[in-house]
>>> print(open('protein.csv').read())   # CSV, C-alpha atoms and all ligand atoms
chain,number,residue,atom,x,y,z
J,1247,MET,CA,165.8,121.8,-10.6
J,1248,THR,CA,162.5,122.4,-8.8
J,1249,ALA,CA,161.2,126.0,-9.1
J,1250,ILE,CA,160.5,127.7,-5.8
J,1251,ASP,CA,157.1,129.4,-5.4
J,1252,ASP,CA,158.2,132.9,-4.3
J,1253,THR,CA,155.1,133.5,-2.2
J,1254,SER,CA,155.2,130.3,-0.1
J,1255,TRP,CA,159.0,130.6,0.4
J,1256,THR,CA,158.7,134.2,1.7
J,1257,ALA,CA,155.8,133.4,3.9
J,1258,SER,CA,157.5,130.4,5.6
J,1259,ARG,CA,160.8,132.3,6.4
J,1260,PRO,CA,160.9,133.8,9.9
J,1261,GLY,CA,161.5,137.5,9.6
J,1262,ALA,CA,160.6,137.7,6.0
J,1263,ALA,CA,158.0,140.1,4.7
J,1264,PRO,CA,154.6,138.4,5.2
J,1265,ALA,CA,152.4,137.4,2.3
J,1266,GLU,CA,149.4,139.8,2.0
J,1267,VAL,CA,146.0,138.5,2.6
J,1268,SER,CA,142.7,140.3,2.0
J,1269,PRO,CA,140.3,141.2,4.8
J,1270,ALA,CA,137.8,138.8,3.4
J,1271,GLU,CA,140.4,136.0,3.3
J,1272,LEU,CA,141.4,136.6,6.9
J,1273,ARG,CA,137.8,136.8,8.1
J,1274,GLU,CA,137.1,133.5,6.4
J,1275,ALA,CA,140.2,131.8,7.8
J,1276,MET,CA,139.7,133.2,11.4
J,1277,GLY,CA,136.0,132.1,11.1
J,1278,HIS,CA,137.3,128.5,11.5
J,1279,PHE,CA,138.4,129.4,15.1
J,1280,ALA,CA,135.2,128.7,17.0
J,1281,THR,CA,134.5,131.2,19.8
J,1282,GLY,CA,131.8,132.0,22.4
J,1283,VAL,CA,129.7,135.1,22.0
J,1284,THR,CA,129.5,138.0,24.4
J,1285,VAL,CA,127.8,141.3,24.7
J,1286,ILE,CA,130.2,144.0,26.1
J,1287,THR,CA,128.3,146.7,27.9
J,1288,SER,CA,129.2,150.1,29.3
J,1289,VAL,CA,127.7,153.5,29.9
J,1290,ASP,CA,127.8,156.5,27.5
J,1291,ALA,CA,128.4,160.1,28.3
J,1292,SER,CA,124.7,160.7,29.0
J,1293,GLY,CA,124.6,157.8,31.4
J,1294,GLU,CA,122.7,155.6,29.0
J,1295,PRO,CA,123.5,151.9,28.6
J,1296,VAL,CA,125.5,150.8,25.5
J,1297,GLY,CA,126.5,147.4,24.3
J,1298,THR,CA,128.0,145.5,21.4
J,1299,THR,CA,128.3,141.9,20.4
J,1300,ALA,CA,131.9,140.8,20.6
J,1301,ASN,CA,133.8,137.5,20.1
J,1302,ALA,CA,137.3,139.0,20.1
J,1303,VAL,CA,137.5,138.4,23.9
J,1304,THR,CA,140.4,136.7,25.6
J,1305,SER,CA,141.5,135.7,29.1
J,1306,LEU,CA,145.0,137.3,29.5
J,1307,SER,CA,146.3,136.9,33.0
J,1308,LEU,CA,145.2,135.3,36.2
J,1309,ASP,CA,147.4,137.3,38.6
J,1310,PRO,CA,146.7,140.1,38.2
J,1311,PRO,CA,143.3,139.2,36.7
J,1312,LEU,CA,143.2,140.6,33.2
J,1313,VAL,CA,141.1,140.1,30.1
J,1314,LEU,CA,141.3,141.8,26.7
J,1315,VAL,CA,138.6,142.8,24.2
J,1316,CYS,CA,139.3,144.1,20.6
J,1317,PHE,CA,137.0,146.8,19.3
J,1318,ASP,CA,136.6,148.2,15.8
J,1319,LEU,CA,137.7,151.8,15.9
J,1320,THR,CA,134.3,152.9,14.8
J,1321,SER,CA,132.5,151.2,17.7
J,1322,ALA,CA,130.2,153.5,19.7
J,1323,THR,CA,130.7,151.1,22.6
J,1324,LEU,CA,134.4,151.6,22.5
J,1325,THR,CA,133.9,155.4,22.7
J,1326,ALA,CA,131.6,154.9,25.7
J,1327,ILE,CA,134.2,152.6,27.4
J,1328,ARG,CA,136.9,155.2,27.0
J,1329,GLY,CA,134.8,157.7,28.8
J,1330,HIS,CA,133.2,155.4,31.5
J,1331,GLY,CA,136.5,153.6,32.2
J,1332,ALA,CA,134.7,150.3,32.8
J,1333,PHE,CA,132.8,147.6,31.0
J,1334,ALA,CA,131.1,144.2,31.5
J,1335,VAL,CA,131.6,141.1,29.5
J,1336,ASN,CA,128.2,139.3,29.4
J,1337,VAL,CA,128.8,135.7,28.1
J,1338,LEU,CA,125.7,134.5,26.1
J,1339,GLY,CA,124.1,131.2,26.4
J,1340,TYR,CA,122.3,129.5,23.5
J,1341,ARG,CA,119.0,130.8,24.9
J,1342,GLN,CA,120.3,134.4,24.6
J,1343,ARG,CA,121.2,134.1,20.9
J,1344,HIS,CA,118.7,136.8,20.0
J,1345,LEU,CA,120.8,139.3,22.1
J,1346,SER,CA,123.8,138.7,19.8
J,1347,ALA,CA,121.9,139.9,16.7
J,1348,ASN,CA,120.3,142.7,18.7
J,1349,PHE,CA,123.6,144.1,20.0
J,1350,ALA,CA,125.4,143.7,16.6
J,1351,ARG,CA,123.3,146.7,15.4
J,1352,ARG,CA,125.4,149.9,15.6
J,1353,GLY,CA,124.7,152.4,18.4
J,1354,LEU,CA,121.0,151.8,18.6
J,1355,SER,CA,119.5,152.8,22.0
J,1356,ALA,CA,116.5,150.8,20.8
J,1357,ALA,CA,118.6,147.7,21.3
J,1358,TRP,CA,117.8,148.0,25.0
J,1359,ASP,CA,114.1,147.9,24.6
J,1360,GLY,CA,112.9,144.8,26.5
J,1361,VAL,CA,116.4,143.8,27.5
J,1362,THR,CA,116.3,143.0,31.2
J,1363,HIS,CA,119.4,144.3,33.0
J,1364,HIS,CA,120.8,145.9,36.1
J,1365,ARG,CA,123.8,148.0,36.8
J,1366,GLY,CA,126.8,146.1,38.4
J,1367,PRO,CA,129.2,147.6,40.9
J,1368,THR,CA,131.2,149.4,38.2
J,1369,GLY,CA,128.0,150.9,36.7
J,1370,SER,CA,128.1,148.7,33.6
J,1371,PRO,CA,124.9,146.9,32.7
J,1372,ARG,CA,124.6,143.2,33.5
J,1373,LEU,CA,122.2,141.4,31.2
J,1374,ALA,CA,119.8,139.0,32.9
J,1375,ASP,CA,120.2,135.3,32.5
J,1376,VAL,CA,123.6,135.3,30.8
J,1377,ILE,CA,125.9,132.4,31.7
J,1378,ALA,CA,128.7,134.6,33.1
J,1379,VAL,CA,129.5,138.3,33.7
J,1380,ILE,CA,133.0,139.6,34.0
J,1381,GLU,CA,133.0,143.2,35.2
J,1382,CYS,CA,136.2,145.2,34.5
J,1383,THR,CA,137.8,148.6,34.8
J,1384,VAL,CA,140.0,149.7,31.9
J,1385,GLU,CA,143.6,149.1,32.7
J,1386,GLN,CA,145.2,150.0,29.4
J,1387,ALA,CA,144.4,150.5,25.7
J,1388,PHE,CA,146.6,149.6,22.8
J,1389,PRO,CA,146.3,150.3,19.0
J,1390,GLY,CA,145.7,147.3,16.9
J,1391,GLY,CA,145.4,148.2,13.2
J,1392,ASP,CA,141.8,149.0,12.5
J,1393,HIS,CA,140.9,147.9,16.1
J,1394,GLU,CA,141.7,149.0,19.6
J,1395,ILE,CA,142.7,146.5,22.3
J,1396,ILE,CA,141.2,147.2,25.6
J,1397,LEU,CA,142.8,145.6,28.6
J,1398,GLY,CA,140.4,145.1,31.4
J,1399,ARG,CA,141.2,144.5,35.1
J,1400,VAL,CA,138.6,142.1,36.4
J,1401,ARG,CA,136.8,143.5,39.4
J,1402,HIS,CA,133.7,141.3,39.8
J,1403,ILE,CA,132.6,138.0,38.4
J,1404,GLU,CA,129.3,136.0,38.4
J,1405,THR,CA,128.7,132.6,36.7
J,1406,ASN,CA,125.5,130.7,36.0
J,1407,GLY,CA,126.9,128.0,33.8
J,1408,ALA,CA,125.4,125.0,35.6
J,1409,GLY,CA,122.9,123.3,33.2
J,1410,ALA,CA,123.4,126.0,30.6
J,1411,THR,CA,124.5,125.6,26.9
J,1412,PRO,CA,126.9,128.2,25.5
J,1413,LEU,CA,126.3,130.1,22.3
J,1414,LEU,CA,129.0,129.5,19.8
J,1415,PHE,CA,130.1,131.3,16.6
J,1416,TRP,CA,131.8,129.4,13.8
J,1417,ARG,CA,132.4,130.2,10.2
J,1418,GLY,CA,130.0,133.2,10.3
J,1419,ARG,CA,127.1,131.2,11.8
J,1420,TYR,CA,125.8,130.6,15.3
J,1421,ALA,CA,126.2,127.1,16.7
J,1422,SER,CA,125.4,125.2,19.8
J,1423,LEU,CA,127.3,122.3,21.3
J,1424,GLU,CA,124.6,120.1,19.6
J,1425,GLY,CA,125.2,121.5,16.1
J,1426,GLN,CA,124.7,124.5,13.8
J,1427,ILE,CA,121.8,126.8,14.4
J,1428,PRO,CA,119.7,127.5,11.2
J,1429,ALA,CA,120.0,131.2,10.3
J,1501,LIG,C1,129.2,137.2,16.5
J,1501,LIG,C2,129.7,138.6,16.4
J,1501,LIG,C3,130.9,138.9,16.9
J,1501,LIG,C4,131.4,140.3,16.9
J,1501,LIG,N1,132.6,140.6,17.5
J,1501,LIG,C5,133.1,141.8,17.4
J,1501,LIG,C6,134.2,142.2,18.2
J,1501,LIG,O1,134.9,141.3,18.8
J,1501,LIG,N2,134.6,143.5,18.1
J,1501,LIG,C7,133.9,144.5,17.5
J,1501,LIG,O2,134.4,145.6,17.5
J,1501,LIG,N3,132.8,144.2,16.8
J,1501,LIG,C8,132.3,142.9,16.8
J,1501,LIG,N4,131.2,142.6,16.1
J,1501,LIG,C9,130.5,143.6,15.4
J,1501,LIG,C10,129.7,144.6,16.3
J,1501,LIG,O3,128.8,143.9,17.2
J,1501,LIG,C11,128.9,145.6,15.4
J,1501,LIG,O4,129.8,146.2,14.5
J,1501,LIG,C12,128.1,146.6,16.3
J,1501,LIG,O5,127.2,147.2,15.4
J,1501,LIG,C13,129.0,147.6,16.9
J,1501,LIG,O6,128.1,148.4,17.7
J,1501,LIG,P1,128.5,149.8,18.4
J,1501,LIG,O7,129.1,150.7,17.3
J,1501,LIG,O8,127.2,150.3,18.9
J,1501,LIG,O9,129.5,149.5,19.4
J,1501,LIG,C14,130.7,141.3,16.2
J,1501,LIG,C15,129.4,140.9,15.6
J,1501,LIG,C16,129.0,139.6,15.7
J,1501,LIG,C17,127.6,139.2,15.1
>>> encode(input="protein.csv", output="structure tokens", more="lines below")
Ligand SMILES: Cc1cc2nc3c(=O)[nH]c(=O)nc-3n(C[C@H](O)[C@H](O)[C@H](O)COP(=O)(O)O)c2cc1C
Amino acid sequence: MTAIDDTSWTASRPGAAPAEVSPAELREAMGHFATGVTVITSVDASGEPVGTTANAVTSLSLDPPLVLVCFDLTSATLTAIRGHGAFAVNVLGYRQRHLSANFARRGLSAAWDGVTHHRGPTGSPRLADVIAVIECTVEQAFPGGDHEIILGRVRHIETNGAGATPLLFWRGRYASLEGQIPA
């Protein structure tokens, strides 16, 4: 008789208790899912611009137009979005890769030094030269473990993709359509 590996048997049965994976293992596995890179911007309680780099961004519904973004519960940008009730998804091109590193720094107002932007109709900052901007108001928020899922109702869009190259993120590194970008 062949012995059954308890873990793999449990994991493959629908409804059975899932096998546990560590945060590091999940991060490593999900890193194989290549994504684009965005900067989510909003306005804090003092009216100052805030922003964070995010790749947990998904198109959800066309009618009504909805997107969702997942934020770490400790994100200062999440706190600002809850207050302002609106945010903008700024989709980065390869040429804006420095902005990804810039806005991955926690809650630094200095992140805005030298970053050209203007306020869109919802008040959220639109970064100059990005390949698309999707401006949203907050429709709903849902708990999601150590993250919060913000559902955005799309109010305004702008695209500048012609001739542009998107910035990609894959296995913890930046990449372009041509290949991996040296760190
Ligand atoms: C490529 C990349 C993607 C990221 N995606 C997310 C994300 O989807 N959600 C999130 O909460 N943080 C994400 N982060 C981490 C935040 O950008 C980082 O924690 C930032 O310091 C949070 O800033 P804040 O606290 O000012 O909002 C990402 C970072 C990088 C470099």
>>> closest_residue(input="protein.csv", among="J:Phe1279, J:Trp1358, J:Phe1415, J:Phe1333", to="ligand LIG 1501 (chain J)", atoms="all atoms listed in the file")
J:Phe1415
>>> residues_near_ligand(input="protein.csv", ligand="ligand LIG 1501 (chain J)", cutoff="7 Å", atoms="all atoms listed in the file", output="list in words")
Val1283, Val1296, Gly1297, Thr1298, Thr1299, Ala1300, Asn1301, Ala1302, Val1303, Val1315, Cys1316, Phe1317, Asp1318, Thr1320, Ser1321, Ala1322, Thr1323, Leu1324, Ser1346, Ala1347, Phe1349, Ala1350, Arg1351, Arg1352, Gly1353, Leu1354 and Phe1415 of chain J
>>> closest_residue(input="protein.csv", among="J:Gly1277, J:Gly1390, J:Pro1269, J:Pro1412", to="J:Asn1336", atoms="all atoms listed in the file")
J:Pro1412
>>> atom_distance(input="protein.csv", atom1="atom CA of J:Ile1395", atom2="atom CA of J:Asp1359")
28.7 Å
>>> atom_distance(input="protein.csv", atom1="atom CA of J:Pro1310", atom2="atom CA of J:Val1400")
8.5 Å
>>> atom_distance(input="protein.csv", atom1="atom CA of J:Gly1329", atom2="atom CA of J:Gly1360")
25.5 Å
>>> closest_residue(input="protein.csv", among="J:Ile1396, J:Ala1280, J:Leu1338, J:Ile1380", to="J:Thr1411", atoms="all atoms listed in the file")
J:Leu1338
>>> axis_aligned_box(input="protein.csv", around="stretch 1372-1383 of chain J", padding_each_side="4 Å", output="JSON")
{"center_x": 128.8, "center_y": 140.5, "center_z": 33.0, "size_x": 26.0, "size_y": 24.2, "size_z": 12.4}
>>> residues_around(input="protein.csv", residues="J:Glu1404", least_positions_apart="6", cutoff="10 Å", atoms="only C-alpha atoms", output="list in words")
Asn1336, Arg1372, Val1376, Ile1377, Ala1378, Val1379, Ile1380 and Glu1381 of chain J
>>> closest_residue(input="protein.csv", among="J:Ala1326, J:Ile1403, J:Ala1421, J:Val1361", to="J:Thr1287", atoms="only C-alpha atoms")
J:Ala1326
>>> closest_residue(input="protein.csv", among="J:Val1335, J:Leu1414, J:Ala1357, J:Ile1427", to="J:Ile1286", atoms="all atoms listed in the file")
J:Val1335
>>> residues_around(input="protein.csv", residues="J:Ala1374", least_positions_apart="5", cutoff="9 Å", atoms="all atoms listed in the file", output="list in words")
Val1361, Thr1362, His1363 and His1364 of chain J
>>> residues_around(input="protein.csv", residues="J:Leu1306", least_positions_apart="6", cutoff="10 Å", atoms="all atoms listed in the file", output="PyMOL selection string")
chain J and resi 1312-1315+1397-1399
>>> residues_around(input="protein.csv", residues="J:Met1276", least_positions_apart="5", cutoff="10 Å", atoms="only C-alpha atoms", output="PyMOL selection string")
chain J and resi 1270-1271+1416-1418
>>> closest_residue(input="protein.csv", among="J:Glu1294, J:Ser1305, J:Ala1275, J:Val1384", to="J:Ile1327", atoms="only C-alpha atoms")
J:Val1384
